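Peer 1: This structure is in structure tokens; I'll ask about it shortly.
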Amino acid sequence: MVSTAPSSDPFVVHAPGRVNLIGEHTDYVGGLVLPMAIDRGITLTASPATRSIKLTSDQVSRPVEIALPFDGPPADVEPDWGRFIAAVAAEMCSKNGFRGHLTSDIPAGSGLSSSAALLCAIALALGFDGTPLELAQVTQRAEYAATNVPTGIMDQLCIAAARPKCAALIDCDSHEIEHIAMPDDLEVVVQFVEHRVLAHSAYAQRVDECAQAEALIGPLRQATRDQAESIQNERIRQRARHVVTENLRVRQFVRALRRGTYPELGDLLREGHESLRVDYETSTARMDTAVAIFNDTPGVFGARMTGGGFGGCIVALCVPGTDVHGWKVRASAGASIRRIDQT
Ligand code: GLA
């Protein structure tokens, strides 16, 4: 992340989307995740303005206008995309804002973290000055205030801290990040399968089910497979088994990435998908079909659903040039702001 002190110059902020390679639904229990920022994202071109934010977007027809300092509940703001803007301004106690325009090539509801990218872009535009972790924490709180969804920190921290050509191995308990080089001879393909539905209520339900598992066997990030299997309630046992095995898969995946054993990466993606489909129940019939098609295609090492689920995208690792339908994405830098010097 790059940030500069506020000035009166116009500026451009770019915040990437992210795709999670593996480590799904583990962040809110302090587990391991391996997302990477992608070369798709949100770009905001703006000029500083006193006591208000005025924003238009190429994605939505209704503009957002917010008087600062903002002191109402963000969840009441209309149009609804303004809730994210208001929530960041409220978290940062901003008195001065900007007037600007947003462009985006990550569709909302795709599971590529368009909301976390928007939140990070707005925070930088409002003059956020701190570490990537602090940016992630501010925007995570803002996301909760705007949506009431108790997300983990993966999306925001990846978008704040990512480095070009690397995936970010994040320990969501200590918040330590290890930047893992992504090899040039491994293509990452993302396919947008369907808009997310039911994400909100079901996501919060999964967070609650993990809390129930932790009340029985302690922190899931440290639990063993045997401990997960000892849970009597079948649904809670399934959820715990997913988290425990997914954490192991992240470690195995990083080892295989370093060794360059790509078929092993593919096996881990397939296992991860099965775990999300059967134990965590966050996949959909259409995502399962899309994953199966990828997995049957020569040149594809493996595929799985990615992100919160209940719709959204799948991710696949492929031999470069493999003939599949989707966006080839590259591991990219985190969010940044650039002042346009007018002198
Ligand atoms: C959403 C949340 C993240 C994470 C993923 C699932 O993207 O915002 O915090 O929990 O779902 O891995």
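Starting from 1 in every chain, residues are counted up; chains themselves are A, B, ... following the order of the structure tokens, and ligands are numbered from 1 as listed.
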Could you list the protein, DNA and RNA residues that have any atom within 10 Å of ligand 1, counting only C-alpha atoms and all ligand atoms, and write them as a PyMOL selection string?
Peer 2: chain A and resi 18-29+32-35+110-116+140+143-144+149-157+172+199-200+203-204+206-207+282+306-309
Peer 1: What are the DSSP helix (DSSP H, G or I) residues of stretch 76-318 of chain A, as a short mmCIF file (atom, residue, chain, number, x, y, z; two decimals) with C-alpha atoms, in the first residue's frame?
Peer 2:
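Full text of result-v4.cif as output:
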```cif
data_model
loop_
_atom_site.label_atom_id
_atom_site.label_comp_id
_atom_site.auth_asym_id
_atom_site.auth_seq_id
_atom_site.Cartn_x
_atom_site.Cartn_y
_atom_site.Cartn_z
CA ASP A 76 -29.58 3.73 6.30
CA GLY A 82 -23.23 4.73 -0.43
CA ARG A 83 -23.33 2.71 2.81
CA PHE A 84 -19.74 1.58 2.24
CA ILE A 85 -18.63 5.15 1.60
CA ALA A 86 -20.43 6.51 4.67
CA ALA A 87 -19.11 3.71 6.87
CA VAL A 88 -15.48 4.44 5.98
CA ALA A 89 -15.99 8.19 6.51
CA ALA A 90 -17.58 7.46 9.91
CA GLU A 91 -14.73 5.10 10.95
CA SER A 114 -15.52 -5.63 -4.91
CA SER A 115 -16.79 -4.30 -1.56
CA ALA A 116 -13.43 -4.61 0.21
CA ALA A 117 -11.75 -2.95 -2.80
CA LEU A 118 -14.28 -0.10 -2.64
CA LEU A 119 -13.75 0.34 1.11
CA CYS A 120 -9.95 0.43 0.76
CA ALA A 121 -10.17 2.89 -2.16
CA ILE A 122 -12.40 5.22 -0.17
CA ALA A 123 -10.16 5.07 2.91
CA LEU A 124 -7.11 6.05 0.85
CA ALA A 125 -9.09 8.82 -0.86
CA PRO A 132 -1.72 -2.13 5.61
CA LEU A 133 -3.00 -3.97 8.71
CA GLU A 134 -4.52 -0.76 10.09
CA LEU A 135 -6.16 -0.09 6.72
CA ALA A 136 -7.56 -3.63 6.73
CA GLN A 137 -8.90 -3.23 10.28
CA VAL A 138 -10.57 0.13 9.55
CA THR A 139 -12.22 -1.20 6.41
CA GLN A 140 -13.26 -4.47 8.05
CA ARG A 141 -15.07 -2.48 10.75
CA ALA A 142 -16.63 -0.29 8.05
CA GLU A 143 -17.84 -3.36 6.13
CA TYR A 144 -19.57 -4.62 9.25
CA ALA A 145 -21.16 -1.23 9.91
CA ALA A 146 -22.39 -1.03 6.30
CA THR A 147 -23.69 -4.59 5.89
CA MET A 154 -8.75 -11.83 4.53
CA ASP A 155 -10.15 -9.63 1.76
CA GLN A 156 -9.22 -6.28 3.25
CA LEU A 157 -5.74 -7.38 4.34
CA CYS A 158 -4.94 -8.95 0.98
CA ILE A 159 -6.08 -5.83 -0.87
CA ALA A 160 -4.13 -3.55 1.50
CA ALA A 161 -0.91 -5.55 1.62
CA ALA A 199 -24.76 -14.73 1.12
CA HIS A 200 -25.52 -12.57 4.09
CA SER A 201 -27.65 -14.73 6.32
CA ALA A 202 -25.83 -17.98 5.47
CA TYR A 203 -22.39 -16.43 5.98
CA ALA A 204 -23.30 -15.20 9.47
CA GLN A 205 -24.75 -18.64 10.20
CA ARG A 206 -21.41 -20.29 9.32
CA VAL A 207 -19.57 -17.87 11.60
CA ASP A 208 -21.99 -18.79 14.38
CA GLU A 209 -21.62 -22.54 13.73
CA CYS A 210 -17.83 -22.21 14.04
CA ALA A 211 -18.31 -20.39 17.35
CA GLN A 212 -20.45 -23.33 18.51
CA ALA A 213 -17.69 -25.77 17.49
CA GLU A 214 -15.10 -23.69 19.36
CA ALA A 215 -17.26 -23.73 22.50
CA LEU A 216 -16.95 -27.53 22.38
CA ILE A 217 -13.35 -28.19 21.31
CA ARG A 225 -9.13 -33.74 12.88
CA ASP A 226 -9.88 -36.16 15.78
CA GLN A 227 -11.19 -33.31 17.91
CA ALA A 228 -13.45 -32.18 15.06
CA GLU A 229 -14.71 -35.76 14.61
CA GLU A 234 -23.49 -33.60 12.81
CA ARG A 235 -23.78 -30.11 11.29
CA ILE A 236 -21.29 -28.56 13.73
CA ARG A 237 -18.94 -31.54 13.23
CA GLN A 238 -19.01 -30.99 9.45
CA ARG A 239 -18.23 -27.28 9.80
CA ALA A 240 -15.34 -27.98 12.17
CA ARG A 241 -13.98 -30.72 9.89
CA HIS A 242 -13.94 -28.31 6.96
CA VAL A 243 -12.00 -25.65 8.87
CA VAL A 244 -9.46 -28.09 10.32
CA THR A 245 -8.78 -29.84 6.99
CA GLU A 246 -8.75 -26.55 5.06
CA ASN A 247 -6.03 -25.17 7.33
CA LEU A 248 -3.93 -28.26 6.58
CA ARG A 249 -4.60 -27.83 2.87
CA VAL A 250 -3.24 -24.26 2.96
CA ARG A 251 0.05 -25.51 4.44
CA GLN A 252 0.28 -28.35 1.91
CA PHE A 253 -0.57 -25.99 -0.93
CA VAL A 254 2.22 -23.56 -0.02
CA ARG A 255 4.72 -26.44 0.18
CA ALA A 256 3.59 -27.75 -3.23
CA LEU A 257 3.78 -24.24 -4.73
CA ARG A 258 7.37 -23.93 -3.52
CA ARG A 259 8.27 -27.39 -4.82
CA TYR A 262 1.41 -28.54 -9.76
CA PRO A 263 -0.68 -31.75 -9.90
CA GLU A 264 -0.60 -31.73 -6.09
CA LEU A 265 -1.95 -28.15 -6.12
CA GLY A 266 -4.78 -29.39 -8.32
CA ASP A 267 -5.60 -32.25 -5.93
CA LEU A 268 -5.77 -29.78 -3.03
CA LEU A 269 -8.12 -27.49 -4.96
CA ARG A 270 -10.42 -30.43 -5.73
CA GLU A 271 -10.36 -31.61 -2.10
CA GLY A 272 -11.04 -28.04 -0.93
CA HIS A 273 -14.05 -27.82 -3.22
CA GLU A 274 -15.45 -31.12 -1.96
CA SER A 275 -15.04 -29.95 1.61
CA LEU A 276 -16.89 -26.70 0.88
CA ARG A 277 -19.59 -28.56 -1.07
CA VAL A 278 -20.24 -31.37 1.40
CA ASP A 279 -19.11 -30.21 4.85
CA TYR A 280 -19.44 -26.44 4.68
CA ALA A 285 -25.20 -26.73 -8.28
CA ARG A 286 -23.98 -24.32 -10.96
CA MET A 287 -20.63 -23.84 -9.27
CA ASP A 288 -20.24 -27.62 -8.88
CA THR A 289 -20.91 -28.07 -12.61
CA ALA A 290 -18.46 -25.32 -13.56
CA VAL A 291 -15.77 -26.85 -11.31
CA ALA A 292 -16.40 -30.33 -12.81
CA ILE A 293 -16.04 -28.96 -16.37
CA PHE A 294 -12.72 -27.33 -15.48
CA ASN A 295 -11.48 -30.44 -13.72
#
```
Peer 1: Calculate how many Å separate atom CA of A:Glu194 from atom CA of A:Val315, rounding to one decimal.
Peer 2: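 Going from atom CA of A:Glu194 over to atom CA of A:Val315, I get 13.3 Å.
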